[in-house]
Amino acid sequence: MSEATLPRRPAWLAGRATGPRLARHTLTLVALAVLLLPLADLSVVTRDPWTELGRMLQGLAWPDFAGVESPFRALGLTVSVALWGTLAGVVLGFPLALVFTRSRLVRAGCAFVRAIHELFWALLFLQVFGLSALTALAALAIPYAGIFAKVFAEILEQTPRAPADALPPGVGRLSRFLYAELPLAWTQLAAYTRYRFECGLRASVLLGFVGLPTLGFQLETAFREGRYPEAGALLWCFYLLIATLPWWSHRRLVPLLIIGGAFLLGPWPAVDGGLLWRFVSQDLWPAPLLAGDWAGLVEWFASIPDLGPAIGNTLLLALLGTVGALLVAMALWPLASRHFGNPASRLAGRGLLILLRSTPELMLAFVFLLLLGPSLLPAWLALALHNGALIAFLAARHADALEPGMPGLPASGRLAYELLPRIYPSLLALLYYRAEVILRETAILGMLGIATLGYYIDENFQYLMFDVAAFLLLVTAGLNIAVDSLSRRLRPREAPLEDPCLR
Amino acid sequence: MAPTEHTHETLLALDGVDLGHGSQVVLPGLSLRLARGERIALLGPSGAGKSTLLAALRARLGATAAWCPQHHGLVPGLAVYHNVYMGRLAERSALANLWNLVRPLRGPWREVTELCELLGLEGLMRRPVGQLSGGQRQRTAIARALYQGREVFLGDEPVASVDPHQALRLLGLIEERHATTVVALHQRELALSHFDRVWGLRDGRLAIDAPASALSLADLDALYPDAEATSSGTDRHDAEPAAPSPEALPCSRGRA
């Protein structure tokens with residue numbers, strides 16, 4: 001009798017409510033990663049990683065600033081490339097943003113240039129402009145134009161309509177934009193541009209890895225040659241640059257930086273129009289295609305090595321990186337939140353997150369690669385730590401803005417009942433946004449010798465097989481666009497991310 | 001301002017028109033007449049269709065009407081001067097408008113200064129609207145409507161966020177500069193004391209369309225469903241939350 005009246009205990013994880021649904025979602029993702037894990041090559045190749053790690057940490061703890069050759073020149077160039085690259089991105093992207101919602105062609109074009117990483121653009125331009133400032137600027141400006149076009153269009157779309165509706169009849173399109181649309185979006189546009197500039201700084205450092213003389217060039221050389229105190233000094237320079245960003249990138253200083261930066265940019269290449277045209281019209285295309293030889297094209301296609309495994313490795317690494325980032329984020333965010341620990345632990349937690357977040361993932365992967373040898377493992381660790389720390393940082397900030405309804409709960413209860421249910425939807429949404437970024441980064445990690453698509457792109461550029469490299473770039477871009485639309489479909493609708501600076 | 005011989009000339013007439021937004025009709029089969037020189041108060045509970053009616057009037061009157069929207073519709077990032085200037089944005093070229101953002105044009109600056117002095121906004125002209133108080137924003141929105149210099153004034157609750165004394169002064173300014181006004185209000189007393197005619201909307205109908213002199217506060221109360229529920233007293237703000245009195249209910253229903 002009494003059993004009949006008792007409501008049946010609901011099955012664990014069943015039902016349409018947000019909590020169980022997101023939990024099912026997460027568990028599926030983790031299960032998929034675990035299932036596919038045996039396919040990944042996670043071997044540790046180096047014999048004694050711990051001694052090497054000890055030496056690296058020693059270098060970071062006792063940096064040798066005197067050993068660095070002209071650090072200010074490299075720093076200056078890094079900043080001016082980021083500044084001018086972002087500026088050029090804004091100049092190119094802003095007009096595109098105005099037609100973004102109306103033109104399918106513009107949207108597709110922007111999705112394409114966004115889908116290719118800055119470093120690949122650099123590799124491409126390197127072939128025509130050489131190791132010059134033009135290569136560096138174009139590598140930043142072109143993908144950023146696509147990103148700015150999309151994000152600016154979204155921001156402008158969300159401006160309130162009331163002021164434009166209040167205008168008297170007969171106001172021209174341009175006047176309406178200048179008075180009733182642009183001023184309403186201005187703060188957000190400026191904030192996003194600032195955020196993109198910070199991304200540009202990291203990308204500018206990375207350009208050193210393909211040989212441009214930014215900070216990354218000296219960093220890579222120092223690491224590769226085992227001069228860790230010097231590498232430590234350079235890393236500290238970079239952290240200092242990022243940490244002091246709010247002060248030196250003050251609104252009034254920016255024009256000064258832009259003008260000053262122009263003098264640091266260089267060297268400028270002598271652009272040979274004929275050579276450029278030959279590269280664009282012939283070198284990038286498969287020769288049989290240009291000749292109209294279809295049988296030859298099939299042959300050409302068959303000669304491309306290991307496309308399947310490369311795509312498989314890229315996707316696998318992206319999946320592992322995404323799941324790893326989720327685990328890292330879940331483990332790390334309480335360290336930096338005001339709801340847990342004591343002031344000292346929070347300070348340490350925040351410091352750790354900032355350190356992991358500001359180090360470019362390629363840099364992290366490079367360090368792990370030196371430690372563990374070439375396999376998917378260093379790349380996975382780098383992706384998980386960098387992106388996980390980034391998500392953890394934002395999750396902690398979100399949690400800090402919340403006020404628990406039941407004060408005096410023990411820490412575990414606070415975590416499980418008060419905070420996690422509230423921040424988890426947005427944490428997962430953020431993870432899905434990052435999935436596309438992670439895939440893009442996966443590809444560039446190939447440049448370090450990890451067998452993803454990027455490895456083959458880098459290799460083909462080195463062998464001057466531009467047609468194959470261009471084809472692989474197209475494959476990479478297509479993969480990115482597909483994963484982006486997939487993650488857009490999967491991400492939880494409960495937490496729309498209003499702030500574009502989170503992406 | 002309003003010559004008497006024009007008083008009865010019809011400015012706009014609606015005859016059985018369905019008003020709404022998109023396919024959703026808010027005010028079905030509406031008929032009314034707006035005469036030149038008339039001052040009309042538009043009353044009704046929230047959601048009765050006041051904004052819909054005003055939007056329809058605005059669309060039909062076009063360039064003859066100055067418009068002061070609900071919640072001001074100001075641009076928080078721009079200075080008071082620029083927000084007021086927007087009233088005549090259509091009169092200059094895009095290039096002149098662009099230059100005006102960099103450096104105010106001399107003529108408009110002088111005219112806007114005069115208006116701002118009248119409205120007590122002097123000294124605030126360079127301040128972004130986002131930094132102003134509610135009342136100051138309200139006055140900026142009115143200044144922008146006055147700056148348009150049109151024959152008809154259409155206002156959607158233009159005196160909602162100022163104190164009663166200021167409301168009187170602002171309505172005076174509006175009337176001084178416009179022959180014809182249609183103003184949506186919540187203050188019933190103002191509607192009777194300051195306007196020629198009252199339009200009262202309720203349940204998608206024009207329940208009241210009568211000269212203000214022929215109406216009492218009790219008549220206006222019939223527009224508000226909450227007023228019936230509390231008591232039939234003239235001042236519903238002081239009414240006790242009591243059970244509806246059996247006499248009051250049929251009485252006010254009958255009138256509406």
# chains A, B, ... in the order shown; residues from 1 in each chain; ligands from 1
$ residues_around --residues "segment 129-136 of chain B" --least-positions-apart "6" --cutoff "8 Å" --atoms "only C-alpha atoms" --output "PDB file with N, CA and C atoms, in the first residue's frame"
ATOM      1  N   LEU B  74      17.348  57.346 -26.155  1.00  0.00           N
ATOM      2  CA  LEU B  74      18.557  58.160 -26.322  1.00  0.00           C
ATOM      3  C   LEU B  74      19.773  57.262 -26.527  1.00  0.00           C
ATOM      4  N   VAL B  75      20.863  57.859 -26.990  1.00  0.00           N
ATOM      5  CA  VAL B  75      22.119  57.110 -27.168  1.00  0.00           C
ATOM      6  C   VAL B  75      23.031  57.432 -25.981  1.00  0.00           C
ATOM      7  N   PRO B  76      23.239  56.485 -25.071  1.00  0.00           N
ATOM      8  CA  PRO B  76      23.961  56.788 -23.824  1.00  0.00           C
ATOM      9  C   PRO B  76      25.392  57.273 -24.059  1.00  0.00           C
ATOM     10  N   GLY B  77      26.027  56.794 -25.126  1.00  0.00           N
ATOM     11  CA  GLY B  77      27.429  57.133 -25.347  1.00  0.00           C
ATOM     12  C   GLY B  77      27.638  58.530 -25.910  1.00  0.00           C
ATOM     13  N   LEU B  78      26.594  59.156 -26.423  1.00  0.00           N
ATOM     14  CA  LEU B  78      26.749  60.487 -27.020  1.00  0.00           C
ATOM     15  C   LEU B  78      26.350  61.568 -26.031  1.00  0.00           C
ATOM     16  N   ALA B  79      26.917  62.782 -26.242  1.00  0.00           N
ATOM     17  CA  ALA B  79      26.638  63.909 -25.355  1.00  0.00           C
ATOM     18  C   ALA B  79      25.197  64.376 -25.536  1.00  0.00           C
ATOM     19  N   VAL B  80      24.716  65.140 -24.543  1.00  0.00           N
ATOM     20  CA  VAL B  80      23.372  65.712 -24.610  1.00  0.00           C
ATOM     21  C   VAL B  80      23.205  66.484 -25.916  1.00  0.00           C
ATOM     22  N   ASN B  83      22.624  64.186 -28.827  1.00  0.00           N
ATOM     23  CA  ASN B  83      21.312  63.551 -28.776  1.00  0.00           C
ATOM     24  C   ASN B  83      20.215  64.514 -29.213  1.00  0.00           C
ATOM     25  N   LEU B 121      19.084  72.261 -18.790  1.00  0.00           N
ATOM     26  CA  LEU B 121      20.169  71.318 -19.100  1.00  0.00           C
ATOM     27  C   LEU B 121      21.461  72.053 -19.407  1.00  0.00           C
ATOM     28  N   SER B 161       8.983  60.383 -15.844  1.00  0.00           N
ATOM     29  CA  SER B 161      10.012  60.269 -14.800  1.00  0.00           C
ATOM     30  C   SER B 161      10.468  61.626 -14.248  1.00  0.00           C
ATOM     31  N   VAL B 162       9.552  62.604 -14.187  1.00  0.00           N
ATOM     32  CA  VAL B 162       9.894  63.877 -13.525  1.00  0.00           C
ATOM     33  C   VAL B 162       8.846  64.169 -12.455  1.00  0.00           C
TER      34      VAL B 162
END
$ closest_atom_pairs --of "chain A" --to "chain B" --cutoff "12 Å" --atoms "only C-alpha atoms" --output "tab-separated table"
residue	atom	partner	partner_atom	distance
A:Thr159	CA	B:Val75	CA	10.5
A:Pro160	CA	B:Gly73	CA	8.8
A:Arg161	CA	B:Gly73	CA	8.3
A:Ala162	CA	B:Gly73	CA	4.8
A:Pro163	CA	B:Gly73	CA	4.2
A:Ala164	CA	B:Gly73	CA	7.8
A:Asp165	CA	B:Gly73	CA	7.7
A:Ala166	CA	B:Gly73	CA	6.1
A:Leu167	CA	B:Gly87	CA	6.6
A:Pro168	CA	B:Gly87	CA	6.3
A:Pro169	CA	B:Ala63	CA	6.4
A:Gly170	CA	B:Ala90	CA	5.5
A:Val171	CA	B:Ala90	CA	4.2
A:Gly172	CA	B:Ala90	CA	6.7
A:Arg173	CA	B:Ala94	CA	8.5
A:Leu174	CA	B:Ala94	CA	6.2
A:Ser175	CA	B:Ala94	CA	5.2
A:Arg176	CA	B:Leu89	CA	8.2
A:Phe177	CA	B:Ala94	CA	10.0
A:Leu178	CA	B:Leu98	CA	7.2
A:Tyr179	CA	B:Met86	CA	7.4
A:Ala180	CA	B:Val75	CA	6.4
A:Glu181	CA	B:Val75	CA	8.4
A:Leu182	CA	B:Gly77	CA	9.3
A:Pro183	CA	B:Gly77	CA	5.5
A:Leu184	CA	B:Gly77	CA	6.2
A:Ala185	CA	B:Gly77	CA	8.9
A:Trp186	CA	B:Gly77	CA	8.0
A:Thr187	CA	B:Gly77	CA	8.5
A:Gln188	CA	B:Gly77	CA	11.6
$ write_last_selection --atoms "C-alpha atoms" --output "compact mmCIF listing (two decimals), in the first residue's frame"
# COMPACT_ATOMS: atom_id res chain seq x y z
CA THR A 159 22.50 47.14 -30.27
CA PRO A 160 19.16 48.45 -28.99
CA ARG A 161 16.82 49.59 -31.77
CA ALA A 162 15.03 52.31 -29.76
CA PRO A 163 17.37 55.25 -30.59
CA ALA A 164 17.26 54.48 -34.32
CA ASP A 165 13.46 54.22 -34.15
CA ALA A 166 13.29 57.61 -32.45
CA LEU A 167 15.00 59.37 -35.38
CA PRO A 168 12.89 61.63 -37.55
CA PRO A 169 11.96 60.22 -40.97
CA GLY A 170 14.36 60.71 -43.86
CA VAL A 171 17.67 60.24 -42.03
CA GLY A 172 20.32 58.78 -44.34
CA ARG A 173 21.84 55.34 -43.73
CA LEU A 174 25.29 56.68 -42.87
CA SER A 175 24.00 59.35 -40.47
CA ARG A 176 21.81 56.79 -38.74
CA PHE A 177 24.76 54.46 -38.34
CA LEU A 178 27.02 57.23 -37.00
CA TYR A 179 24.53 58.57 -34.46
CA ALA A 180 22.19 55.78 -33.45
CA GLU A 181 24.14 52.55 -33.96
CA LEU A 182 27.91 52.98 -33.70
CA PRO A 183 27.92 54.90 -30.37
CA LEU A 184 25.73 52.21 -28.79
CA ALA A 185 28.13 49.44 -29.81
CA TRP A 186 31.34 51.39 -29.25
CA THR A 187 32.26 50.09 -25.77
CA GLN A 188 31.83 46.49 -26.80
$ closest_residue --among "A:Leu474, A:Val30, A:Met465, A:Leu479" --to "Phe279 of chain A" --atoms "only C-alpha atoms"
A:Met465
$ residues_around --residues "Ile259 of chain A" --least-positions-apart "4" --cutoff "12 Å" --atoms "only C-alpha atoms" --output "PDB file with C-alpha atoms, in the first residue's frame"
ATOM      1  CA  SER A  80      54.289  46.303 -33.040  1.00  0.00           C
ATOM      2  CA  LEU A  83      49.367  46.158 -32.820  1.00  0.00           C
ATOM      3  CA  TRP A  84      49.582  46.703 -36.561  1.00  0.00           C
ATOM      4  CA  LEU A  87      44.750  47.377 -36.627  1.00  0.00           C
ATOM      5  CA  LEU A 253      48.982  55.685 -25.209  1.00  0.00           C
ATOM      6  CA  VAL A 254      47.679  53.612 -28.132  1.00  0.00           C
ATOM      7  CA  PRO A 255      48.229  56.244 -30.883  1.00  0.00           C
ATOM      8  CA  PHE A 263      59.400  52.378 -36.939  1.00  0.00           C
ATOM      9  CA  LEU A 264      60.137  48.999 -35.344  1.00  0.00           C
ATOM     10  CA  LEU A 265      58.451  47.017 -38.118  1.00  0.00           C
TER      11      LEU A 265
END
$ atom_distance --atom1 "atom CA of Met56 of chain A" --atom2 "atom CA of Ala222 of chain A"
11.1 Å
$ residues_around --residues "Pro164 of chain B" --least-positions-apart "5" --cutoff "10 Å" --atoms "only C-alpha atoms" --output "ChimeraX atom specification"
/B:159,169-170,187,190
$ write_last_selection --atoms "N, CA and C atoms" --output "PDB file, in the first residue's frame"
ATOM      1  N   VAL B 159       6.463  62.744 -19.665  1.00  0.00           N
ATOM      2  CA  VAL B 159       6.694  63.318 -18.329  1.00  0.00           C
ATOM      3  C   VAL B 159       6.557  62.240 -17.261  1.00  0.00           C
ATOM      4  N   ARG B 169       5.593  72.218 -16.040  1.00  0.00           N
ATOM      5  CA  ARG B 169       6.428  73.160 -16.780  1.00  0.00           C
ATOM      6  C   ARG B 169       6.786  72.608 -18.164  1.00  0.00           C
ATOM      7  N   LEU B 170       7.103  71.307 -18.198  1.00  0.00           N
ATOM      8  CA  LEU B 170       7.487  70.689 -19.472  1.00  0.00           C
ATOM      9  C   LEU B 170       6.302  70.642 -20.436  1.00  0.00           C
ATOM     10  N   GLN B 187      -0.795  60.353 -15.393  1.00  0.00           N
ATOM     11  CA  GLN B 187      -1.376  61.243 -14.398  1.00  0.00           C
ATOM     12  C   GLN B 187      -2.751  61.715 -14.866  1.00  0.00           C
ATOM     13  N   LEU B 190      -3.544  65.591 -14.497  1.00  0.00           N
ATOM     14  CA  LEU B 190      -2.949  66.410 -15.552  1.00  0.00           C
ATOM     15  C   LEU B 190      -3.788  66.344 -16.820  1.00  0.00           C
TER      16      LEU B 190
END
$ select_by_dssp --residues "segment 20-169 of chain B" --states "strand (DSSP E)" --output "list in words"
Gly20, His21, Gln24, Val25, Val26, Leu27, Pro28, Gly29, Leu30, Ser31, Leu32, Arg33, Leu34, Ala35, Arg39, Ile40, Ala41, Leu42, Leu43, Ala65, Ala66, Trp67, Cys68, Val152, Phe153, Leu154, Gly155 and Asp156 of chain B
$ write_last_selection --atoms "N, CA and C atoms" --output "short mmCIF file (atom, residue, chain, number, x, y, z; two decimals), in the first residue's frame"
data_model
loop_
_atom_site.label_atom_id
_atom_site.label_comp_id
_atom_site.auth_asym_id
_atom_site.auth_seq_id
_atom_site.Cartn_x
_atom_site.Cartn_y
_atom_site.Cartn_z
N GLY B 20 -1.91 47.51 -35.17
CA GLY B 20 -1.15 46.50 -34.45
C GLY B 20 0.25 46.45 -35.01
N HIS B 21 1.02 45.46 -34.58
CA HIS B 21 2.34 45.28 -35.20
C HIS B 21 2.40 43.92 -35.85
N GLN B 24 -0.32 40.85 -35.70
CA GLN B 24 -1.06 40.88 -34.44
C GLN B 24 -1.82 42.21 -34.31
N VAL B 25 -3.14 42.14 -34.28
CA VAL B 25 -3.95 43.36 -34.16
C VAL B 25 -4.17 43.68 -32.69
N VAL B 26 -3.80 44.91 -32.30
CA VAL B 26 -3.97 45.32 -30.91
C VAL B 26 -5.24 46.14 -30.76
N LEU B 27 -5.47 47.01 -31.71
CA LEU B 27 -6.64 47.88 -31.67
C LEU B 27 -7.48 47.64 -32.92
N PRO B 28 -8.49 46.76 -32.85
CA PRO B 28 -9.28 46.46 -34.05
C PRO B 28 -10.36 47.52 -34.29
N GLY B 29 -10.58 47.84 -35.53
CA GLY B 29 -11.68 48.72 -35.93
C GLY B 29 -11.69 50.06 -35.23
N LEU B 30 -10.54 50.73 -35.17
CA LEU B 30 -10.45 51.98 -34.41
C LEU B 30 -10.90 53.16 -35.28
N SER B 31 -11.75 54.01 -34.71
CA SER B 31 -12.15 55.24 -35.40
C SER B 31 -11.90 56.43 -34.49
N LEU B 32 -11.22 57.44 -35.00
CA LEU B 32 -11.04 58.67 -34.23
C LEU B 32 -10.66 59.79 -35.16
N ARG B 33 -10.69 61.03 -34.63
CA ARG B 33 -10.41 62.20 -35.44
C ARG B 33 -9.52 63.12 -34.62
N LEU B 34 -8.44 63.56 -35.25
CA LEU B 34 -7.53 64.51 -34.60
C LEU B 34 -7.67 65.84 -35.34
N ALA B 35 -8.11 66.87 -34.62
CA ALA B 35 -8.29 68.19 -35.24
C ALA B 35 -7.06 69.04 -35.02
N ARG B 39 -5.36 69.65 -28.14
CA ARG B 39 -4.38 69.07 -27.22
C ARG B 39 -5.02 67.84 -26.60
N ILE B 40 -4.44 66.69 -26.89
CA ILE B 40 -5.09 65.44 -26.51
C ILE B 40 -4.25 64.66 -25.52
N ALA B 41 -4.91 64.20 -24.43
CA ALA B 41 -4.24 63.30 -23.48
C ALA B 41 -4.69 61.88 -23.79
N LEU B 42 -3.71 60.97 -23.87
CA LEU B 42 -4.02 59.58 -24.18
C LEU B 42 -3.81 58.76 -22.91
N LEU B 43 -4.91 58.19 -22.40
CA LEU B 43 -4.83 57.43 -21.15
C LEU B 43 -5.15 55.96 -21.40
N ALA B 65 5.15 65.58 -37.65
CA ALA B 65 5.08 65.28 -36.22
C ALA B 65 6.48 65.16 -35.60
N ALA B 66 6.65 65.79 -34.43
CA ALA B 66 7.84 65.56 -33.62
C ALA B 66 7.53 64.38 -32.71
N TRP B 67 8.54 63.61 -32.38
CA TRP B 67 8.29 62.34 -31.70
C TRP B 67 9.17 62.24 -30.46
N CYS B 68 8.54 61.94 -29.32
CA CYS B 68 9.27 61.73 -28.07
C CYS B 68 8.91 60.34 -27.56
N VAL B 152 3.11 69.16 -35.00
CA VAL B 152 2.42 68.27 -34.06
C VAL B 152 3.45 67.64 -33.13
N PHE B 153 3.08 67.49 -31.86
CA PHE B 153 3.96 66.80 -30.91
C PHE B 153 3.30 65.49 -30.51
N LEU B 154 4.01 64.38 -30.71
CA LEU B 154 3.54 63.08 -30.24
C LEU B 154 4.49 62.60 -29.15
N GLY B 155 3.95 62.37 -27.95
CA GLY B 155 4.83 61.95 -26.85
C GLY B 155 4.28 60.72 -26.18
N ASP B 156 5.15 59.70 -25.99
CA ASP B 156 4.74 58.49 -25.28
C ASP B 156 5.29 58.59 -23.86
#
$ atom_distance --atom1 "atom CA of Val106 of chain A" --atom2 "atom CA of Phe125 of chain A"
22.1 Å
$ atom_distance --atom1 "atom CA of Val183 of chain B" --atom2 "atom CA of Trp109 of chain B"
27.8 Å
$ select_by_dssp --residues "segment 7-69 of chain B" --states "alpha helix (DSSP H)" --output "compact mmCIF listing (two decimals) with N, CA and C atoms, in the first residue's frame"
# COMPACT_ATOMS: atom_id res chain seq x y z
N LYS B 50 -1.53 52.13 -26.15
CA LYS B 50 -1.20 53.56 -26.31
C LYS B 50 -0.04 53.73 -27.30
N SER B 51 1.02 52.91 -27.10
CA SER B 51 2.20 53.04 -27.97
C SER B 51 1.85 52.65 -29.41
N THR B 52 0.98 51.64 -29.55
CA THR B 52 0.57 51.22 -30.89
C THR B 52 -0.14 52.36 -31.61
N LEU B 53 -1.05 53.02 -30.88
CA LEU B 53 -1.80 54.13 -31.48
C LEU B 53 -0.85 55.26 -31.86
N LEU B 54 0.06 55.60 -30.95
CA LEU B 54 0.99 56.70 -31.23
C LEU B 54 1.88 56.36 -32.43
N ALA B 55 2.32 55.10 -32.51
CA ALA B 55 3.16 54.70 -33.65
C ALA B 55 2.38 54.85 -34.95
N ALA B 56 1.09 54.51 -34.91
CA ALA B 56 0.27 54.62 -36.12
C ALA B 56 0.10 56.09 -36.50
N LEU B 57 -0.14 56.96 -35.49
CA LEU B 57 -0.26 58.40 -35.77
C LEU B 57 1.03 58.92 -36.38
N ARG B 58 2.15 58.47 -35.78
CA ARG B 58 3.46 58.94 -36.25
C ARG B 58 3.68 58.53 -37.70
N ALA B 59 3.32 57.29 -38.02
CA ALA B 59 3.52 56.82 -39.38
C ALA B 59 2.67 57.61 -40.37
N ARG B 60 1.44 57.98 -39.94
CA ARG B 60 0.55 58.69 -40.86
C ARG B 60 0.89 60.17 -40.96
N LEU B 61 1.37 60.77 -39.88
CA LEU B 61 1.66 62.20 -39.91
C LEU B 61 3.02 62.49 -40.54
